Amino acid sequence: MPISKEYVAKRLILLMLVVIGVLFITFIITRIIPARPELLWAGPHATIEQIQKAREQLNLDKPILIQFILYLHGFFQGDWGISWRTRSPVLIDVLSSLTATLELIIIAFTIAFIIGVPFGVLAAIKKYTWIDDVARIVTVIGASMPVFWLALIVQLIFGTWLGILPSAKRVDEWVVIVTGFKQITGFYLIDSILQGNHMVFIDSLRHIVLPALVLASYPFCLSARMTRAVMMEVSTEPHVRSLIAWGLPQRTILFKYSLRNTLVPVIASIGLSFGYTIIGAFMVELVFVWPGIGYYAAMSLLSFDYPAVIGCVLIVAIFYCVINTLVDIIHSAIDPRVKL
Amino acid sequence: MIRFKEQRIILSLIVKKRLSLISLLIVLSFIVFGVSGPFIVPYPEDAWGLTYNVEKRFQPPSVEHPFGTDALGRDVFSRVLLGSSFSLIIAIGVIGLALAIGIPVGVVAGYYGGRIGTILMRITDMFLAFPPLLLAIVLAATLGRGLLNLIVALAISWWPWYSRLVYVQTNTVKNMPYIDSAKIAGLPSYKIMTKHVIPNALTPTLVQAALDMGSAILEAAGLSFIGVGVKPPTPEWGLLVSEGWQSINYAWWIAFFPGLAILITVVGFNLLADALRESADPRIRRTVLMRLGIKQ
Amino acid sequence: MNSNALSRPLLVGVIVVVVIAIAVGLYFILAPAPPTTTPTTTTPPSATIITPPTTPAKKVVVYASLSEMTTADPSTEFSNSILWLCLVYEPLLWYNPLENKFIPALAEKWEASEDGLVWTFYLRKDVVFHDGTPFKAEAVKSSIERTIELGQGAAFIWDPVDRIEVIDDHTVMFILKYPAPLDSIAASSYGAWIFSPNTENTPEWFNQGNDAGSGPYKLVKWDPENEVILEKFEEWWGWKLASYEMASGKAPDVFIVKIVKDAVTQERLVVSGDVDIAMYVPLEDVDRLKADPNLHVTIKPSFQNLLLLINTKKSPLDNVLVRRAIAHAIPYEDIVKVARSGLANIASGPVPTGMFGHFDDFRYKYDLDEARRLLAEAGYPAGIDKTLVLVYTAGDVYEQRTSELIAASLSKIGIKIDIRPMSWEEQWALAQSGWEDPNKAQDLFIFYWWPTYITPFDFLYNMFHSDSKSFNLCYYENSEFEKLIEEAITLEGTDEKKALELYYQAQKILYEDVPAVPLWDMIDVRVGRAYIGNLDNAVNPAYPTVIFAQVLNVEK
Amino acid sequence: MNRQPLLQIEDLSIDYIIVGGSIKAVRNVSFSINEGEVVCLVGESGSGKSTIGLAVAGALPENAIIRSGKIIFQGKDLLYEKSKNKKIDNVMIVFQDPAATLNPLFTVGEVISDVIRSHLQIRDKGEIREKALEVFRMVELPDPDRIFNSYPHELSGGMLQRVVIAISLSTNPKMLIADEPTTMLDVTLQAQILDLLLNLKKKLGLSMLFITHNLGVASEIGDRIIVMYGGEIVEEASSKDLINNPLHPYTKSLMECIPRTHIKHSRLKHIPGTVPDLRNPLKGCIFSDRCSEVMDICRVVKPLLKEYSKNHKVACHLYSEEEK
Amino acid sequence: MPSLLGGGEMKTELMKIKDLKKYFPIKTGLFGKIVGYVKAVDHVTFHIGLGEVVSLVGESGSGKTTIAKCLLLLERPTYGQILFNGYDITQIRGKRLKDYRRNVQAVFQNPFLSLDPRMNVYDIVSEPVQYHMKLSKKELYEYTSRLLEMVGLDQSFQAKFPHELSGGQAQRVAIARAISLNPKLVVLDEPTSALDVSIQAQILNLLAELKEKMNFSYLLITHDLSIVRYISDRVIVIYLGKIMEEGPSEYIFSEPLHPYTQILLSSIPDPFTQEVREKTILRGEPPSPVNPPRACRFHTRCPYVMDICKEEDPAETDYRAEHKVFCWLYAKK
């Protein structure tokens with residue numbers, strides 16, 4: 001997997017451009033469209049003088065370009081602004097809610113791809129059987145599912161009607177206090193293992209099951225469908241037919257050769273589905289009261305807390321960019337024709 | 001053994017055909033309901049949210065109200081039915097607007113290339129760097145709630161996909177021998193562009209766009225659910241689910257049926273896409289192909 | 001054909017793996033742990049799964065709040081943080097509006113001069129702040145002066161105060177510019193907190209999660225987005241008193257305010273026992289919850305009310321007849337049924353039911369014929385051809401339902417309404433523009449009000465006085481009305497009867513002028529687990545959304 | 001012919017299942033190949049020649065169904081063996097497009113190692129590599145070490161085809177199926193590959209089923225030529241016989257179609273019409289609708305492949321009457 | 001039957017290609033820096049006579065298609081002149097270009113790719129006519145029908161779309177379109193290599209027939225020497241962007257001079273001459289056009305290579321009238 005310096009430079013420059021571009025677009029949207037941000041900042045009881053002071057604080061008295069440059073300047077020094085809603089630094093807010101989302105997304109993605117890819121493979125090699133037909137129907141339904149609705153239904157069934165799984169929050173406060181659980185990494189499952197805290201581990205596992213499954217539904221169906229479709233395409237390609245003709249064992253053909261060919265587009269789709277999944281996470285977090293970035297962003301949006309909104313958009317965009325880079329690197333590792 | 005295998009293959013082909021038929025049926029009925037919705041709703045006042053009925057609140061599904069009634073005593077069935085009209089408007093609006101921006105950008109960048117093309121595509125890439133929908137959410141929230149704002153917000157986050165697709169297609173078509181043969185016939189550039197490049201480059205995009213209507217409905221519903229979409233009492237499906245959420249423990253049907261309507265409609269579009277081309281999520285697939293430099 | 005040979009084992013393998021995974025998952029997730037719970041515990045069904053350790057457990061009470069916390073500065077905070085400020089900080093007095101009596105807090109006794117201009121408070125002696133500083137009169141002076149100086153939030157309540165004099169360590173005297181009910185002011189829900197003078201006392205310091213209070217609970221975790229954790233302050237003077245109505249021997253050791261932003265989830269959590277008290281539940285479910293033996297539902301009037309503010313400066317609403325027509329075209333009963341499931345009183349004037357200054361004579365009659373007649377008289381026999389814009393705060397289901405009902409009903413008399421959900425900030429910014437150009441602003445505004453301290457003046461001044469640019473979003477100006485309430489407030493501390501009469505006259509003017517249509521006065525519902533005793537007394541309409549944790553009897 | 005042929009195909013029929021029917025790609029084909037013999041299957045596109053090659057190699061696409069017939073190789077029925085999932089070591093295949101034949105994600109060495117490992121049961125890596133390098137040298141590949149570690153995209157077309165041949169030879173097969181191995185190559189490279197294959201045949205005594213559409217190539221490499229049209233064999237003869245004395249009208253006209261480098265033509269013959277529709281093949285002779293010498297019987301009765309002279313078979317009514 | 005070969009007499013020159021050069025830049029990196037050139041065509045000079053059939057023969061990568069593209073003005077040459085009727089056309093635009101287009105047409109390798117899939121046969125064939133000649137609807141219809149008739153397609157084909165045609169039929173449509181403006185020169189870029197043998201013969205016959213009737217010049221670009229022999233008057237053999245040998249096809253086939261031509265000829269499998277020929281097999285692969293060998297480009301693979309071949313480019317040697325060869329073996333020194 002040769003990665004050239006040029007590629008690294010290119011990616012870094014690209015990341016920089018994306019960050020500035022995203023900042024620029026979001027900044028423009030959020031500064032131009034709401035008529036008077038200083039009113040929001042100064043709060044409902046502000047006097048005229050306070051509003052004027054707010055204008056100065058927010059640099060609103062300066063030309064828009066200067067405002068943007070000042071913002072950029074602060075941004076690269078780690079000053080992402082102060083949330084108008086919580087009055088705490090956006091960077092801290094964003095990072096603290098990010099771990100909750102990551103825990104959810106990582107679990108969802110793991111479920112999705114660990115089950116999804118083999119499921120797709122199975123459907124592909126069982127082409128022309130009921131397994132394939134069922135897989136086709138199940139995955140098309142899953143990929144068309146409005147995730148927020150699924151969340152509601154699942155919550156209703158398992159949380160309210162059956163009452164077997166908790167349907168909100170990350171962990172029971174009571175357990176946290178009783179066991180003296182401390183956050184270290186912010187990932188409850190990891191933290192509880194690190195502390196040998198059996199109760200918190202099980203409790204947070206119980207809490208994460210429903211949201212993670214709901215969130216996993218889309219990437220799962222996507223990866224299964226993608227795998228199935230690509231696998232079928234690959235299996236008709238001459239380089240696979242030739243291996244069959246040369247009498248290699250089917251196991252080798254399937255799991256060594258075809259699978260690697262299949263993984264190239266499948267992994268690319270993982271990167272892209274990340275984008276959809278994070279938006280899915282917005283809704284799932286909203287329904288399951290999961291204190292993640294999606295929840296934070298939704299709340300910030302609804303109360304026009306623009307520094308927070310820009311922060312959220314940015315962190316998500318950076319993540320998206322990083323994931324895409326990762327996909328490129330994995331791609332180049334799999335495919336020797338791709339030189340980075 | 002042989003006979004069995006043959007029958008399995010034939011059966012599978014039939015299932016495939018059946019599914020395409022079903023999908024066609026779903027999509028057609030969605031369009032029919034969407035167009036005729038306002039004229040055939042059993043309780044038009046309920047559907048438009050112009051009335052309420054205190055006595056009829058939270059009635060479970062019955063013959064009179066097949067989907068039950070909501071918190072204001074309105075017929076959920078009527079609202080879901082009329083919702084198909086709004087979903088249709090949103091889908092057509094979003095896709096249409098996105099195409100209206102995306103096609104010129106893609107065609108110009110693809111056909112003329114050069115510096116203008118590069119600049120246009122870099123701008124497109126910048127928009128594509130946003131995770132899908134995030135931009136739409138921010139825009140929709142900033143513009144304020146409303147049908148038109150929702151459509152604009154979604155279209156703005158959507159057009160770069162089309163412009164990229166059209167760009168790739170235009171580039172492919174531009175290098176096809178039949179374009180050479182048109183050049184050799186001496187046709188002027190504008191004629192080649194209008195008669196050969198655009199029709200050939202756009203057909204796949206337009207088919208794709210038609211199939212994307214399912215996704216547009218899904219994403220619009222998501223935005224409405226978050227609370228940045230249409231405003232009440234518009235019977236948009238996402239908003240209906242969101243309203244039903246308030247009383248889901250008490251009256252599950254209010255949120256259930258509109259969600260089911262979304263699901264069925266989107267399944268219809270996706271199955272149709274499957275039937276037209278063996279595909280995963282069309283949105284994902286086309287970008288994967290673009291990334292990998294494979295032409296469709 | 002040959003694919004069978006390979007894929008059969010593969011299929012079996014996949015199935016086996018999935019089955020094992022599901023089995024293990026189910027075991028972990030569903031299998032009840034060995035019941036080592038103490039026998040007295042009445043744990044909810046799902047809570048049995050988690051076993052508390054046998055060591056003497058702390059009593060933890062989780063209270064689900066609908067909105068996130070705002071700021072932590074006791075001088076300037078004027079919003080949701082009241083929820084825990086009431087537990088961490090103390091004022092000089094508490095007020096119980098339902099019995100119309102004051103409860104001593106940091107002040108043991110107080111007295112006012114005849115003319116109502118000089119108020120003397122005698123302070124409690126054995127009080128220490130959480131930082132260890134003993135409480136003295138100087139703290140009262142410095143706290144209130146800081147609040148006045150910062151001039152934010154509810155600082156306006158101290159407007160009558162000319163100066164504060166420290167008589168001795170435990171006596172403090174307020175000299176007023178004009179007569180005012182300083183006892184009410186000192187019991188205000190905002191801006192009346194006393195805090196330690198030894199702390200840094202900067203907004204930043206407070207917002208980092210520090211507290212300088214003297215109350216029964218200390219702030220130990222400040223995560224305004226998600227949760228606020230309070231821990232019992234063992235040295236609080238109230239625990240030591242033999243009988244004090246604001247303290248209980250079985251108060252929780254830890255009190256957690258958990259932000260749960262929707263009522264459905266709150267309901268689910270309180271039913272499952274994941275939270276102990278829910279602030280809001282879907283009102284349709286209240287009857288069902290009442291029947292649940294594991295729960296206790298507290299229903300109390302609240303001094304929060306909902307009004308429809310009318311833009312009195314914009315045509316056609318500048319015509320009083322049109323406003324009256326609207327007032328008669330609103331289905332008050334239906335709104336209360338639909339929006340609040342009956343858990344509200346139909347409003348009569350802007351002062352809420354049960355409060356001092358409320359009169360029952362100001363209800364409009366729902367009468368569409370009368371409304372049509374008025375509209376015709378105003379010159380609109382066929383209805384109004386302009387669509388009126390009604391704004392409400394997005395996400396509030398009560399406001400939403402109320403708005404939809406109003407819109408549906410007004411359409412019957414030919415008034416078309418465009419309902420616009422907005423964020424509060426956006427809504428308020430739009431409304432502010434009305435003072436510059438009323439035509440740019442909304443036509444109708446769905447608006448909640450609740451008092452800072454308990455006086456009708458708070459309602460009447462803020463919403464209808466032309467000096468109150470922030471909240472007079474009817475843009476209403478009436479000098480006669482303004483004179484009446486200005487006089488009434490000065491008399492409140494000394495001549496209650498006369499004050500009441502003036503308030504009556506003022507509200508009569510509003511009734512006729514219809515700058516706003518009061519819709520309903522809220523009845524609060526709090527749902528607690530059954531083992532949370534004395535919940536009824538932990539709720540006080542003067543301090544909305546607060547649960548006075550120190551009075552709870554937790555039987556857990 | 002007292003010896004048992006190496007490969008014997010009996011009454012082979014293959015269909016492809018498609019939506020709304022099936023393509024009857026190969027119908028009742030029988031022929032045999034002796035040890036050390038090169039037999040060429042010649043035909044235009046759609047004649048079914050490649051399908052037969054794939055069937056022998058056991059690499060038919062999934063929607064193909066073998067309706068009838070046997071493929072007997074060294075006395076064993078390959079179809080039966082395949083269905084029992086046994087490996088067939090002694091038949092290997094070379095495809096048309098060498099660039100597409102090799103998986104782009106794997107080095108040449110990985111593929112050949114896997115082939116050697118699974119066929120020769122060699123476990124030792126060094127030994128496998130030795131074997132691979134040996135066959136590389138056998139096909140005259142320069143710098144075998146470098147090629148072993150190369151990816152397909154790093155090699156040119158001619159080299160790739162040699163690699164593919166090397167892979168096919170690595171299992172010491174008795175028989176090689178070559179499916180249009182030179183079609184994608186330039187003439188000079190085609191000559192190289194043909195030369196190589198002929199050398200290998202001589203050196204290793206390899207039998208070959210060589211599939212091509214080019215009669216010139218066929219005559220150059222084949223001992224025997226089988227002409228196929230529309231999924232059926234129309235003529236079968238030794239190369240010389242066939243070139244010098246073609247019997248079937250199709251073979252004749254095919255021959256006349258070919259422009260010749262060494263003779264100047266004024267006009268080329270051509271066959272009117274288009275290839276037959278194999279979803280509904282003609283009832284009588286499959287060539288009857290394009291044949292210049294068509295008779296009434298041709299449209300009704302299907303002519304059988306019959307011996308016309310020694311080692312020269314033809315399926316045409318023109319000859320059946322005369323002979324009998 | 002008159003021979004296609006007009007005999008040895010000098011023909012009126014229709015087109016003259018002088019010193020044609022086409023380099024394609026290779027760009028790389030973030031900023032598209034040019035790191036080298038693909039030297040597709042390097043100083044090529046030849047001519048095409050009126051009514052003459054000239055074949056450009058070479059293997060893949062020899063630059064023959066690039067020459068065709070330059071001639072068709074699909075690519076503008078890097079250097080050199082293309083004289084058509086005495087005018088240099090390399091930089092023409094506007095009306096002159098339109099005139100030129102009318103006179104120079106082309107048929108490409110894959111008919112399915114060179115026909116717009118969204119147009120029916122009638123539209124495809126009538127499109128150039130419509131643009132270049134102002135005909136009434138009826139006239140256009142008649143004209144088009146006549147064209148289709150000429151290529152052997154009847155009325156029923158007019159409404160069909162390319163995907164409904166067989167390969168041979170589609171190529172006929174392409175030919176009809178190419179001849180619709182009655183051009184002076186038709187460039188045939190591998191016109192039969194995508195077709196089956198029986199169909200190939202049909203198309204070649206058609207082309208020969210049309211030439212007889214209309215007296216076009218053909219520039220045939222192909223790697224298949226057998227069809228060259230059949231149709232062309234003169235053959236130009238090209239290797240790695242340079243001409244190796246040029247001469248009347250009689251001579252090239254009966255007495256090839258250049259070693260490369262000889263090898264090329266001997267490589268063609270011919271069913272009828274199999275036993276007599278002694279084959280020369282060319283070893284190795286053609287070098288890359290990015291870094292072509294210095295001096296004589298064939299020296300790396302030439303069986304008769306001499307020292308001078310590696311040092312100096314061979315000059316043009318006129319072996320006999322119209323038969324030129326670029327090889328040191330024949331240099332008159």
# chains A, B, ... in the order shown; residues from 1 in each chain; ligands from 1
$ interface_residues --of "chain D" --to "chain E" --cutoff "7 Å" --atoms "only C-alpha atoms" --output "ChimeraX atom specification"
/D:44-45,186-188,191-192,215-217,219-220,243,254,257-261,264-271
$ interface_residues --of "chain A" --to "chain B" --cutoff "8 Å" --atoms "only C-alpha atoms" --output "PyMOL selection string"
chain A and resi 18+21-22+26+29-30+33-34+128-130+133+140-141+143-146+148-149+152-153+156+160+222+225-226+229+265+268-269+272-273+275-276+279+283+286+298+301-302+304+309+313+316-317+320-321
$ interface_residues --of "chain C" --to "chain B" --cutoff "7 Å" --atoms "only C-alpha atoms" --output "list in words"
Val264, Pro282, Asp285, Asp334, Val338, Glu404, Leu405, Ala408, Arg420 and Pro421 of chain C
$ write_last_selection --atoms "C-alpha atoms" --output "short mmCIF file (atom, residue, chain, number, x, y, z; two decimals), in the first residue's frame"
data_model
loop_
_atom_site.label_atom_id
_atom_site.label_comp_id
_atom_site.auth_asym_id
_atom_site.auth_seq_id
_atom_site.Cartn_x
_atom_site.Cartn_y
_atom_site.Cartn_z
CA VAL C 264 -43.62 10.85 25.58
CA PRO C 282 -48.65 13.66 27.44
CA ASP C 285 -52.31 9.79 29.43
CA ASP C 334 -62.47 22.84 23.00
CA VAL C 338 -57.80 19.25 23.00
CA GLU C 404 -54.57 24.84 14.94
CA LEU C 405 -57.86 25.09 16.77
CA ALA C 408 -59.78 26.22 12.25
CA ARG C 420 -45.96 29.61 11.55
CA PRO C 421 -43.98 27.57 14.02
#
$ atom_distance --atom1 "CA of Phe67 (chain B)" --atom2 "CA of Ala210 (chain B)"
29.4 Å
$ residues_around --residues "Ala212 (chain A)" --least-positions-apart "2" --cutoff "7 Å" --atoms "only C-alpha atoms" --output "number ranges by chain"
A: 104, 107-108, 208-210, 214-216
$ interface_residues --of "chain A" --to "chain E" --cutoff "12 Å" --atoms "only C-alpha atoms" --output "VMD selection string"
chain A and resid 4 to 11 13 to 14 339 to 340
$ closest_atom_pairs --of "chain D" --to "chain B" --cutoff "9 Å" --atoms "only C-alpha atoms" --output "Markdown table"
| residue | atom | partner | partner_atom | distance |
| --- | --- | --- | --- | --- |
| D:Ile17 | CA | B:Glu6 | CA | 7.5 |
| D:Ile18 | CA | B:Ile10 | CA | 8.2 |
| D:Val19 | CA | B:Leu13 | CA | 6.6 |
| D:Gly20 | CA | B:Ile10 | CA | 8.6 |
| D:Gly21 | CA | B:Ile10 | CA | 8.9 |
| D:Asn63 | CA | B:Ile9 | CA | 7.3 |
| D:Ala64 | CA | B:Glu6 | CA | 8.9 |
| D:Ile65 | CA | B:Ile2 | CA | 6.9 |
| D:Ile66 | CA | B:Ile2 | CA | 7.4 |
| D:Arg67 | CA | B:Ile2 | CA | 7.4 |
$ interface_residues --of "chain A" --to "chain D" --cutoff "7 Å" --atoms "only C-alpha atoms" --output "list in words"
Pro238, His239, Arg241, Ser242, Ile244, Ala245, Trp246, Gly247, Leu248, Ile334, Asp335 and Pro336 of chain A
$ write_last_selection --atoms "all heavy atoms" --output "mmCIF file, in the first residue's frame"
data_model
loop_
_atom_site.group_PDB
_atom_site.id
_atom_site.type_symbol
_atom_site.label_atom_id
_atom_site.label_comp_id
_atom_site.auth_asym_id
_atom_site.auth_seq_id
_atom_site.Cartn_x
_atom_site.Cartn_y
_atom_site.Cartn_z
ATOM 1 N N PRO A 238 -15.003 -12.372 -16.307
ATOM 2 C CA PRO A 238 -14.120 -13.414 -16.830
ATOM 3 C C PRO A 238 -13.059 -13.855 -15.830
ATOM 4 O O PRO A 238 -12.700 -15.043 -15.800
ATOM 5 C CB PRO A 238 -13.475 -12.768 -18.056
ATOM 6 C CG PRO A 238 -14.018 -11.414 -18.179
ATOM 7 C CD PRO A 238 -15.090 -11.213 -17.201
ATOM 8 N N HIS A 239 -12.580 -12.931 -14.994
ATOM 9 C CA HIS A 239 -11.490 -13.383 -14.120
ATOM 10 C C HIS A 239 -11.960 -14.334 -13.041
ATOM 11 O O HIS A 239 -11.172 -15.096 -12.489
ATOM 12 C CB HIS A 239 -10.710 -12.198 -13.541
ATOM 13 C CG HIS A 239 -11.541 -11.215 -12.767
ATOM 14 N ND1 HIS A 239 -11.981 -11.448 -11.515
ATOM 15 C CD2 HIS A 239 -12.001 -10.001 -13.116
ATOM 16 C CE1 HIS A 239 -12.679 -10.399 -11.105
ATOM 17 N NE2 HIS A 239 -12.706 -9.517 -12.068
ATOM 18 N N ARG A 241 -14.699 -16.433 -13.714
ATOM 19 C CA ARG A 241 -15.010 -17.624 -14.509
ATOM 20 C C ARG A 241 -13.738 -18.419 -14.795
ATOM 21 O O ARG A 241 -13.737 -19.647 -14.790
ATOM 22 C CB ARG A 241 -15.667 -17.228 -15.833
ATOM 23 C CG ARG A 241 -16.894 -16.347 -15.662
ATOM 24 C CD ARG A 241 -18.038 -16.845 -16.495
ATOM 25 N NE ARG A 241 -18.434 -18.180 -16.098
ATOM 26 C CZ ARG A 241 -19.176 -18.449 -15.038
ATOM 27 N NH1 ARG A 241 -19.601 -17.472 -14.281
ATOM 28 N NH2 ARG A 241 -19.489 -19.691 -14.742
ATOM 29 N N SER A 242 -12.650 -17.685 -15.036
ATOM 30 C CA SER A 242 -11.421 -18.409 -15.352
ATOM 31 C C SER A 242 -10.940 -19.200 -14.147
ATOM 32 O O SER A 242 -10.441 -20.320 -14.295
ATOM 33 C CB SER A 242 -10.351 -17.435 -15.838
ATOM 34 O OG SER A 242 -9.983 -16.568 -14.798
ATOM 35 N N ILE A 244 -12.814 -20.551 -11.908
ATOM 36 C CA ILE A 244 -13.664 -21.741 -11.852
ATOM 37 C C ILE A 244 -13.146 -22.761 -12.864
ATOM 38 O O ILE A 244 -12.982 -23.939 -12.553
ATOM 39 C CB ILE A 244 -15.126 -21.375 -12.159
ATOM 40 C CG1 ILE A 244 -15.651 -20.406 -11.109
ATOM 41 C CG2 ILE A 244 -15.992 -22.631 -12.216
ATOM 42 C CD1 ILE A 244 -17.030 -19.853 -11.423
ATOM 43 N N ALA A 245 -12.854 -22.257 -14.064
ATOM 44 C CA ALA A 245 -12.396 -23.161 -15.113
ATOM 45 C C ALA A 245 -11.078 -23.802 -14.744
ATOM 46 O O ALA A 245 -10.818 -24.943 -15.100
ATOM 47 C CB ALA A 245 -12.267 -22.387 -16.416
ATOM 48 N N TRP A 246 -10.243 -23.079 -14.048
ATOM 49 C CA TRP A 246 -8.951 -23.648 -13.663
ATOM 50 C C TRP A 246 -9.069 -24.580 -12.472
ATOM 51 O O TRP A 246 -8.067 -25.074 -11.966
ATOM 52 C CB TRP A 246 -7.956 -22.528 -13.359
ATOM 53 C CG TRP A 246 -7.534 -21.802 -14.602
ATOM 54 C CD1 TRP A 246 -7.549 -22.292 -15.860
ATOM 55 C CD2 TRP A 246 -7.062 -20.467 -14.697
ATOM 56 N NE1 TRP A 246 -7.109 -21.340 -16.736
ATOM 57 C CE2 TRP A 246 -6.796 -20.199 -16.048
ATOM 58 C CE3 TRP A 246 -6.819 -19.446 -13.765
ATOM 59 C CZ2 TRP A 246 -6.314 -18.983 -16.510
ATOM 60 C CZ3 TRP A 246 -6.352 -18.237 -14.217
ATOM 61 C CH2 TRP A 246 -6.105 -18.001 -15.584
ATOM 62 N N GLY A 247 -10.300 -24.728 -11.992
ATOM 63 C CA GLY A 247 -10.539 -25.744 -10.985
ATOM 64 C C GLY A 247 -10.103 -25.370 -9.588
ATOM 65 O O GLY A 247 -9.814 -26.245 -8.778
ATOM 66 N N LEU A 248 -10.068 -24.084 -9.271
ATOM 67 C CA LEU A 248 -9.760 -23.728 -7.882
ATOM 68 C C LEU A 248 -10.952 -24.090 -7.014
ATOM 69 O O LEU A 248 -12.095 -24.056 -7.472
ATOM 70 C CB LEU A 248 -9.498 -22.228 -7.765
ATOM 71 C CG LEU A 248 -8.176 -21.725 -8.309
ATOM 72 C CD1 LEU A 248 -7.887 -20.330 -7.767
ATOM 73 C CD2 LEU A 248 -7.035 -22.642 -7.904
ATOM 74 N N ILE A 334 -6.466 -2.459 -1.242
ATOM 75 C CA ILE A 334 -7.065 -3.631 -1.884
ATOM 76 C C ILE A 334 -6.707 -3.676 -3.359
ATOM 77 O O ILE A 334 -6.423 -4.725 -3.910
ATOM 78 C CB ILE A 334 -8.600 -3.595 -1.736
ATOM 79 C CG1 ILE A 334 -8.987 -3.603 -0.268
ATOM 80 C CG2 ILE A 334 -9.219 -4.787 -2.430
ATOM 81 C CD1 ILE A 334 -10.474 -3.546 -0.057
ATOM 82 N N ASP A 335 -6.750 -2.510 -3.992
ATOM 83 C CA ASP A 335 -6.632 -2.482 -5.441
ATOM 84 C C ASP A 335 -5.266 -1.936 -5.865
ATOM 85 O O ASP A 335 -4.994 -0.747 -5.699
ATOM 86 C CB ASP A 335 -7.755 -1.606 -6.004
ATOM 87 C CG ASP A 335 -7.854 -1.743 -7.519
ATOM 88 O OD1 ASP A 335 -6.855 -2.174 -8.137
ATOM 89 O OD2 ASP A 335 -8.909 -1.422 -8.071
ATOM 90 N N PRO A 336 -4.403 -2.775 -6.401
ATOM 91 C CA PRO A 336 -3.050 -2.316 -6.737
ATOM 92 C C PRO A 336 -3.033 -1.301 -7.867
ATOM 93 O O PRO A 336 -2.035 -0.625 -8.062
ATOM 94 C CB PRO A 336 -2.344 -3.603 -7.152
ATOM 95 C CG PRO A 336 -3.434 -4.510 -7.582
ATOM 96 C CD PRO A 336 -4.616 -4.173 -6.739
#
$ select_by_dssp --residues "region 167-271 of chain D" --states "helix (DSSP H, G or I)" --output "PyMOL selection string"
chain D and resi 167-169+187-204+215-221+239-244+249-257
$ residues_around --residues "region 302-318 of chain E" --least-positions-apart "6" --cutoff "6 Å" --atoms "only C-alpha atoms" --output "ChimeraX atom specification"
/E:295-296,324-328,331
$ residues_around --residues "region 510-521 of chain C" --least-positions-apart "4" --cutoff "9 Å" --atoms "only C-alpha atoms" --output "ChimeraX atom specification"
/C:301-312,320-321,323-324,326-327,330,332,335-336,344-353,362-364,402,444,463-464,474-476,481,505-506
$ closest_atom_pairs --of "chain E" --to "chain B" --cutoff "8 Å" --atoms "only C-alpha atoms" --output "CSV"
residue,atom,partner,partner_atom,distance
E:Leu72,CA,B:Ile184,CA,6.7
E:Leu74,CA,B:Asp180,CA,7.0
E:Leu97,CA,B:Gly186,CA,7.6
E:Lys98,CA,B:Gly186,CA,5.5
E:Arg101,CA,B:Gly186,CA,5.3
E:Arg102,CA,B:Ala185,CA,6.9
E:Val104,CA,B:Ile184,CA,7.6
E:Gln105,CA,B:Ile184,CA,6.2
E:Ala106,CA,B:Ile184,CA,7.3
E:Phe108,CA,B:Pro177,CA,7.5
E:Leu113,CA,B:Pro177,CA,5.7
E:Ser114,CA,B:Tyr178,CA,3.8
E:Leu115,CA,B:Tyr178,CA,5.0
E:Asp116,CA,B:Tyr178,CA,5.5
E:Pro117,CA,B:Asn200,CA,7.9
E:Arg118,CA,B:Asn200,CA,7.1
E:Pro128,CA,B:Ala185,CA,5.2
E:Tyr131,CA,B:Leu187,CA,7.1
E:Ala178,CA,B:Ala185,CA,7.9
